[in-house]
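Worksheet: the structure to be examined is printed underneath.
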Amino acid sequence: MPLGYERFSQEMLDQSAVFIDVVSGADPATHVPTCPEWTLRELVHHLGRAYYWGAAIIGSRATTPVSFDDVPDGHLPERAEQYGEWVRVGANRMVDAAATAGLDTAVWTWAGDGRAGFWLRRFTHETVVHRADAAIAVGRDFTVAPDLAVDAINEWFELIPPLATFRGKIAQLAGTGQTLHFHATDVDSGEWLIRRTPDGITCEHGHAKADVAVRATAADLLFLLTRRTPTDGPGVEIFGDQALLAHWLEHTSF
(Lines give C-alpha, C1' and ligand atoms only; values in the text may rest on other atoms or scores of the structure.)
Protein backbone atom coordinates (compact mmCIF):
# COMPACT_ATOMS: atom_id res chain seq x y z
CA MET A 1 0.00 0.00 0.00
CA PRO A 2 1.51 3.33 -1.07
CA LEU A 3 1.26 5.07 2.32
CA GLY A 4 1.45 1.92 4.46
CA TYR A 5 -0.98 0.08 6.70
CA GLU A 6 -0.47 2.26 9.77
CA ARG A 7 -1.09 5.49 7.89
CA PHE A 8 -4.23 4.25 6.17
CA SER A 9 -5.56 2.75 9.39
CA GLN A 10 -5.00 5.98 11.28
CA GLU A 11 -6.47 8.07 8.48
CA MET A 12 -9.55 5.83 8.36
CA LEU A 13 -10.14 6.45 12.06
CA ASP A 14 -9.26 10.15 11.93
CA GLN A 15 -11.24 10.97 8.78
CA SER A 16 -14.29 9.09 10.04
CA ALA A 17 -14.04 10.94 13.35
CA VAL A 18 -14.08 14.27 11.51
CA PHE A 19 -17.04 13.08 9.44
CA ILE A 20 -18.89 12.20 12.65
CA ASP A 21 -18.09 15.61 14.11
CA VAL A 22 -19.38 17.38 11.00
CA VAL A 23 -22.72 15.55 10.88
CA SER A 24 -23.35 15.46 14.63
CA GLY A 25 -26.18 17.80 15.56
CA ALA A 26 -27.03 18.57 11.93
CA ASP A 27 -30.51 17.93 10.59
CA PRO A 28 -30.44 14.48 8.93
CA ALA A 29 -32.79 15.84 6.28
CA THR A 30 -30.21 18.44 5.16
CA HIS A 31 -29.66 18.28 1.40
CA VAL A 32 -26.14 17.36 0.24
CA PRO A 33 -25.44 19.58 -2.81
CA THR A 34 -22.52 17.48 -4.08
CA CYS A 35 -24.62 14.28 -3.89
CA PRO A 36 -27.84 15.82 -5.16
CA GLU A 37 -30.01 12.76 -4.61
CA TRP A 38 -28.97 12.42 -0.96
CA THR A 39 -29.66 13.95 2.40
CA LEU A 40 -27.19 13.79 5.29
CA ARG A 41 -29.05 10.73 6.54
CA GLU A 42 -28.40 8.94 3.26
CA LEU A 43 -24.77 10.08 3.21
CA VAL A 44 -24.20 8.68 6.71
CA HIS A 45 -25.90 5.43 5.73
CA HIS A 46 -23.80 5.10 2.58
CA LEU A 47 -20.48 5.60 4.35
CA GLY A 48 -21.22 3.64 7.51
CA ARG A 49 -22.63 0.70 5.60
CA ALA A 50 -19.49 0.65 3.45
CA TYR A 51 -17.35 0.13 6.56
CA TYR A 52 -19.39 -2.84 7.79
CA TRP A 53 -19.50 -4.26 4.26
CA GLY A 54 -15.75 -3.97 3.80
CA ALA A 55 -15.12 -5.53 7.20
CA ALA A 56 -17.43 -8.42 6.29
CA ILE A 57 -15.62 -9.03 2.99
CA ILE A 58 -12.21 -9.05 4.65
CA GLY A 59 -13.29 -10.91 7.78
CA SER A 60 -14.92 -13.73 5.84
CA ARG A 61 -12.11 -13.84 3.23
CA ALA A 62 -14.88 -13.56 0.64
CA THR A 63 -13.99 -14.63 -2.89
CA THR A 64 -17.33 -13.59 -4.41
CA PRO A 65 -19.46 -10.45 -3.96
CA VAL A 66 -21.14 -9.96 -0.58
CA SER A 67 -24.70 -8.64 -0.43
CA PHE A 68 -25.29 -5.57 1.72
CA ASP A 69 -28.31 -7.38 3.14
CA ASP A 70 -26.04 -10.09 4.53
CA VAL A 71 -23.81 -7.70 6.48
CA PRO A 72 -24.34 -7.74 10.25
CA ASP A 73 -24.97 -4.31 11.79
CA GLY A 74 -24.94 -2.63 8.38
CA HIS A 75 -28.28 -0.90 8.88
CA LEU A 76 -28.55 2.78 9.82
CA PRO A 77 -29.85 3.29 13.38
CA GLU A 78 -33.27 4.86 13.69
CA ARG A 79 -32.20 7.83 15.84
CA ALA A 80 -29.80 10.47 14.57
CA GLU A 81 -27.99 10.61 17.92
CA GLN A 82 -26.89 7.02 17.29
CA TYR A 83 -25.31 7.74 13.91
CA GLY A 84 -21.90 8.75 15.25
CA GLU A 85 -21.32 5.65 17.32
CA TRP A 86 -22.53 3.43 14.48
CA VAL A 87 -20.06 5.00 12.06
CA ARG A 88 -17.25 4.88 14.63
CA VAL A 89 -17.76 1.18 15.33
CA GLY A 90 -17.87 0.43 11.60
CA ALA A 91 -14.60 2.26 10.94
CA ASN A 92 -12.89 0.42 13.79
CA ARG A 93 -14.27 -2.89 12.59
CA MET A 94 -12.86 -2.23 9.14
CA VAL A 95 -9.40 -1.39 10.50
CA ASP A 96 -9.41 -4.39 12.82
CA ALA A 97 -10.46 -6.75 10.03
CA ALA A 98 -7.58 -5.56 7.84
CA ALA A 99 -5.10 -5.94 10.71
CA THR A 100 -6.28 -9.47 11.46
CA ALA A 101 -6.34 -10.67 7.86
CA GLY A 102 -3.22 -8.90 6.62
CA LEU A 103 -3.20 -6.50 3.71
CA ASP A 104 -2.08 -9.09 1.15
CA THR A 105 -4.83 -11.58 1.95
CA ALA A 106 -6.80 -12.46 -1.17
CA VAL A 107 -10.42 -11.26 -1.07
CA TRP A 108 -13.04 -10.28 -3.61
CA THR A 109 -12.85 -6.76 -5.01
CA TRP A 110 -14.37 -5.17 -8.09
CA ALA A 111 -10.97 -3.84 -9.18
CA GLY A 112 -7.73 -5.42 -10.32
CA ASP A 113 -6.22 -5.40 -6.82
CA GLY A 114 -7.72 -8.47 -5.16
CA ARG A 115 -6.24 -7.93 -1.71
CA ALA A 116 -7.66 -6.87 1.63
CA GLY A 117 -5.54 -3.73 1.53
CA PHE A 118 -7.54 -2.50 -1.44
CA TRP A 119 -10.58 -1.99 0.79
CA LEU A 120 -8.70 -0.15 3.53
CA ARG A 121 -7.23 2.27 1.00
CA ARG A 122 -10.51 2.59 -0.90
CA PHE A 123 -12.63 3.43 2.12
CA THR A 124 -10.05 5.82 3.52
CA HIS A 125 -10.31 7.90 0.37
CA GLU A 126 -14.08 7.40 0.24
CA THR A 127 -14.23 8.92 3.71
CA VAL A 128 -12.12 11.92 2.70
CA VAL A 129 -14.46 12.78 -0.16
CA HIS A 130 -17.67 12.18 1.76
CA ARG A 131 -16.31 14.21 4.66
CA ALA A 132 -16.10 17.04 2.16
CA ASP A 133 -19.71 16.37 1.11
CA ALA A 134 -20.86 16.63 4.72
CA ALA A 135 -18.86 19.82 5.26
CA ILE A 136 -20.33 21.43 2.15
CA ALA A 137 -23.84 20.48 3.29
CA VAL A 138 -23.46 22.17 6.67
CA GLY A 139 -21.27 25.07 5.54
CA ARG A 140 -17.94 24.07 7.03
CA ASP A 141 -14.44 24.22 5.58
CA PHE A 142 -12.59 21.07 4.53
CA THR A 143 -9.15 20.06 3.35
CA VAL A 144 -6.80 17.07 3.37
CA ALA A 145 -3.06 16.49 3.76
CA PRO A 146 -1.18 16.82 0.45
CA ASP A 147 0.32 13.31 0.44
CA LEU A 148 -3.04 11.72 1.22
CA ALA A 149 -4.66 13.79 -1.52
CA VAL A 150 -1.98 12.65 -4.01
CA ASP A 151 -2.62 9.01 -3.16
CA ALA A 152 -6.36 9.56 -3.55
CA ILE A 153 -5.76 11.03 -7.01
CA ASN A 154 -3.47 8.12 -7.92
CA GLU A 155 -6.13 5.67 -6.78
CA TRP A 156 -8.87 7.46 -8.69
CA PHE A 157 -6.93 7.25 -11.94
CA GLU A 158 -6.20 3.56 -11.23
CA LEU A 159 -9.89 2.84 -10.63
CA ILE A 160 -11.33 4.46 -13.75
CA PRO A 161 -10.44 1.59 -16.15
CA PRO A 162 -12.14 -1.14 -14.04
CA LEU A 163 -15.06 1.17 -13.33
CA ALA A 164 -15.50 1.67 -17.07
CA THR A 165 -16.53 -1.96 -17.43
CA PHE A 166 -19.82 -1.37 -15.60
CA ARG A 167 -20.46 2.37 -15.42
CA GLY A 168 -21.92 3.97 -18.52
CA LYS A 169 -20.50 7.48 -18.32
CA ILE A 170 -16.97 6.37 -17.53
CA ALA A 171 -17.12 3.92 -20.42
CA GLN A 172 -17.49 6.96 -22.70
CA LEU A 173 -14.01 8.26 -21.89
CA ALA A 174 -12.42 6.54 -24.88
CA GLY A 175 -11.10 9.09 -27.34
CA THR A 176 -8.73 9.70 -30.23
CA GLY A 177 -5.62 10.80 -28.37
CA GLN A 178 -6.87 13.79 -26.37
CA THR A 179 -4.63 14.59 -23.39
CA LEU A 180 -5.16 16.14 -19.98
CA HIS A 181 -2.41 17.15 -17.58
CA PHE A 182 -3.01 17.57 -13.84
CA HIS A 183 -0.39 19.18 -11.62
CA ALA A 184 -0.49 19.29 -7.82
CA THR A 185 1.65 22.31 -7.09
CA ASP A 186 2.53 21.64 -3.45
CA VAL A 187 4.16 18.20 -3.78
CA ASP A 188 7.07 16.78 -5.76
CA SER A 189 5.31 13.71 -7.16
CA GLY A 190 2.02 15.23 -8.20
CA GLU A 191 1.84 15.31 -12.01
CA TRP A 192 -0.31 13.09 -14.21
CA LEU A 193 -0.84 12.88 -17.97
CA ILE A 194 -4.12 11.30 -19.00
CA ARG A 195 -4.53 10.15 -22.59
CA ARG A 196 -7.91 9.20 -24.08
CA THR A 197 -7.39 6.42 -26.62
CA PRO A 198 -9.84 4.28 -28.62
CA ASP A 199 -9.25 1.48 -26.07
CA GLY A 200 -9.84 3.69 -23.03
CA ILE A 201 -7.61 5.91 -20.91
CA THR A 202 -3.95 5.65 -19.96
CA CYS A 203 -2.24 7.47 -17.12
CA GLU A 204 1.44 8.44 -16.92
CA HIS A 205 3.27 10.25 -14.16
CA GLY A 206 5.34 13.29 -14.96
CA HIS A 207 5.30 16.62 -16.71
CA ALA A 208 4.12 16.91 -20.31
CA LYS A 209 2.24 19.28 -22.58
CA ALA A 210 -1.42 18.44 -23.04
CA ASP A 211 -4.58 19.70 -24.66
CA VAL A 212 -5.70 20.99 -21.28
CA ALA A 213 -3.66 21.49 -18.11
CA VAL A 214 -4.91 22.04 -14.56
CA ARG A 215 -2.78 23.37 -11.69
CA ALA A 216 -3.83 23.50 -8.03
CA THR A 217 -2.74 22.25 -4.64
CA ALA A 218 -3.11 18.50 -4.16
CA ALA A 219 -6.18 18.96 -1.96
CA ASP A 220 -7.86 21.36 -4.37
CA LEU A 221 -7.02 19.10 -7.31
CA LEU A 222 -8.52 16.07 -5.56
CA PHE A 223 -11.73 17.90 -4.75
CA LEU A 224 -11.92 19.33 -8.27
CA LEU A 225 -11.45 15.87 -9.82
CA THR A 226 -14.18 14.47 -7.59
CA ARG A 227 -16.39 17.49 -8.36
CA ARG A 228 -16.47 18.79 -4.80
CA THR A 229 -15.06 22.18 -5.79
CA PRO A 230 -15.69 24.14 -9.02
CA THR A 231 -13.21 24.59 -11.82
CA ASP A 232 -13.30 28.35 -11.28
CA GLY A 233 -12.50 28.05 -7.58
CA PRO A 234 -9.70 30.09 -6.00
CA GLY A 235 -6.25 28.65 -6.57
CA VAL A 236 -7.25 26.60 -9.63
CA GLU A 237 -5.50 27.41 -12.91
CA ILE A 238 -6.68 25.93 -16.21
CA PHE A 239 -4.87 26.26 -19.53
CA GLY A 240 -6.12 25.02 -22.88
CA ASP A 241 -9.27 23.19 -23.89
CA GLN A 242 -11.71 23.73 -21.05
CA ALA A 243 -14.42 21.78 -22.88
CA LEU A 244 -12.16 18.71 -22.72
CA LEU A 245 -11.84 19.14 -18.95
CA ALA A 246 -15.59 19.59 -18.63
CA HIS A 247 -16.13 16.35 -20.57
CA TRP A 248 -13.71 14.52 -18.28
CA LEU A 249 -15.43 15.74 -15.11
CA GLU A 250 -18.89 14.97 -16.47
CA HIS A 251 -17.89 11.39 -17.22
CA THR A 252 -15.97 10.68 -14.00
CA SER A 253 -18.55 11.52 -11.38
CA PHE A 254 -17.66 9.99 -8.03
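By order of appearance in the C-alpha coordinates: chains A, B, ..., then residues from 1 within every chain, and ligands from 1 in the order shown.
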Going by DSSP on the backbone, which bits of region 42-220 of chain A are helix (DSSP H, G or I)? Write them as a PyMOL selection string, please. chain A and resi 42-59+68-70+80-101+116-138+146-163+168-171+218-220
Would you mind writing down, as a VMD selection string, each residue of region 35-205 of chain A that DSSP on the backbone assigns to strand (DSSP E or B)? chain A and resid 39 106 115 178 to 184 191 to 197 200 to 205
Give me, please, the distance in Å between CA of Pro146 (chain A) and CA of Val187 (chain A), quoted to one decimal.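 Distance between the two atoms: 6.9 Å.
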Pick out the closest residue to Pro72 (chain A) from this set: A:His207, A:Arg93, A:Thr100, A:Gln10. Count only C-alpha atoms.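 With only C-alpha atoms as the atom set, the closest residue is A:Arg93.
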Which residues are near region 140-145 of chain A? Cut-off 9 Å, only C-alpha atoms, ignore same chain within fewer than 3 positions. Put them as a VMD selection string. chain A and resid 22 128 131 to 132 134 to 137 148 to 150 218 to 220 223
Could you save those same residues with N, CA and C atoms as a PDB file, in the first residue's frame?
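Saved file again-v9.pdb follows:
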```pdb
ATOM      1  N   VAL A  22     -18.695  16.472  11.927  1.00  0.00           N
ATOM      2  CA  VAL A  22     -19.385  17.380  11.005  1.00  0.00           C
ATOM      3  C   VAL A  22     -20.895  17.122  10.993  1.00  0.00           C
ATOM      4  N   VAL A 128     -12.603  10.564   2.947  1.00  0.00           N
ATOM      5  CA  VAL A 128     -12.121  11.925   2.699  1.00  0.00           C
ATOM      6  C   VAL A 128     -13.115  12.698   1.841  1.00  0.00           C
ATOM      7  N   ARG A 131     -16.464  13.192   3.614  1.00  0.00           N
ATOM      8  CA  ARG A 131     -16.306  14.207   4.663  1.00  0.00           C
ATOM      9  C   ARG A 131     -16.453  15.595   4.052  1.00  0.00           C
ATOM     10  N   ALA A 132     -15.916  15.768   2.855  1.00  0.00           N
ATOM     11  CA  ALA A 132     -16.096  17.039   2.159  1.00  0.00           C
ATOM     12  C   ALA A 132     -17.566  17.272   1.829  1.00  0.00           C
ATOM     13  N   ALA A 134     -20.176  16.245   3.484  1.00  0.00           N
ATOM     14  CA  ALA A 134     -20.860  16.635   4.717  1.00  0.00           C
ATOM     15  C   ALA A 134     -20.530  18.073   5.082  1.00  0.00           C
ATOM     16  N   ALA A 135     -19.258  18.456   4.935  1.00  0.00           N
ATOM     17  CA  ALA A 135     -18.859  19.825   5.265  1.00  0.00           C
ATOM     18  C   ALA A 135     -19.558  20.835   4.362  1.00  0.00           C
ATOM     19  N   ILE A 136     -19.642  20.536   3.079  1.00  0.00           N
ATOM     20  CA  ILE A 136     -20.333  21.427   2.145  1.00  0.00           C
ATOM     21  C   ILE A 136     -21.797  21.565   2.540  1.00  0.00           C
ATOM     22  N   ALA A 137     -22.413  20.463   2.935  1.00  0.00           N
ATOM     23  CA  ALA A 137     -23.843  20.484   3.286  1.00  0.00           C
ATOM     24  C   ALA A 137     -24.128  21.358   4.486  1.00  0.00           C
ATOM     25  N   LEU A 148      -1.840  12.549   1.280  1.00  0.00           N
ATOM     26  CA  LEU A 148      -3.045  11.716   1.219  1.00  0.00           C
ATOM     27  C   LEU A 148      -3.869  12.072  -0.011  1.00  0.00           C
ATOM     28  N   ALA A 149      -3.936  13.365  -0.331  1.00  0.00           N
ATOM     29  CA  ALA A 149      -4.655  13.793  -1.522  1.00  0.00           C
ATOM     30  C   ALA A 149      -4.015  13.219  -2.787  1.00  0.00           C
ATOM     31  N   VAL A 150      -2.681  13.203  -2.842  1.00  0.00           N
ATOM     32  CA  VAL A 150      -1.984  12.651  -4.008  1.00  0.00           C
ATOM     33  C   VAL A 150      -2.304  11.174  -4.163  1.00  0.00           C
ATOM     34  N   ALA A 218      -2.647  19.886  -4.097  1.00  0.00           N
ATOM     35  CA  ALA A 218      -3.112  18.498  -4.156  1.00  0.00           C
ATOM     36  C   ALA A 218      -4.533  18.365  -3.639  1.00  0.00           C
ATOM     37  N   ALA A 219      -4.828  19.035  -2.525  1.00  0.00           N
ATOM     38  CA  ALA A 219      -6.180  18.956  -1.960  1.00  0.00           C
ATOM     39  C   ALA A 219      -7.205  19.545  -2.914  1.00  0.00           C
ATOM     40  N   ASP A 220      -6.907  20.726  -3.448  1.00  0.00           N
ATOM     41  CA  ASP A 220      -7.855  21.358  -4.375  1.00  0.00           C
ATOM     42  C   ASP A 220      -8.020  20.533  -5.649  1.00  0.00           C
ATOM     43  N   PHE A 223     -10.323  17.527  -4.876  1.00  0.00           N
ATOM     44  CA  PHE A 223     -11.727  17.895  -4.747  1.00  0.00           C
ATOM     45  C   PHE A 223     -12.301  18.422  -6.061  1.00  0.00           C
TER      46      PHE A 223
END
```
Please provide as a list in words all residues within 9 Å of region 195-206 of chain A, with the sequence filter that same-chain residues fewer than 5 positions apart are discarded (counting only C-alpha atoms).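 So the residues in contact are Phe157, Glu158, Ile160, Pro161, Ala164, Ala171, Gln172, Leu173, Ala174, Gly175, Thr176, Gly177, Gln178, Thr179, Leu180, His181, His183, Ser189 and Gly190 of chain A.
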By how many Å are CA of Glu191 (chain A) and CA of Thr127 (chain A) apart?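 Taking CA of Glu191 (chain A) as the start and CA of Thr127 (chain A) as the end point, the length is 23.4 Å.
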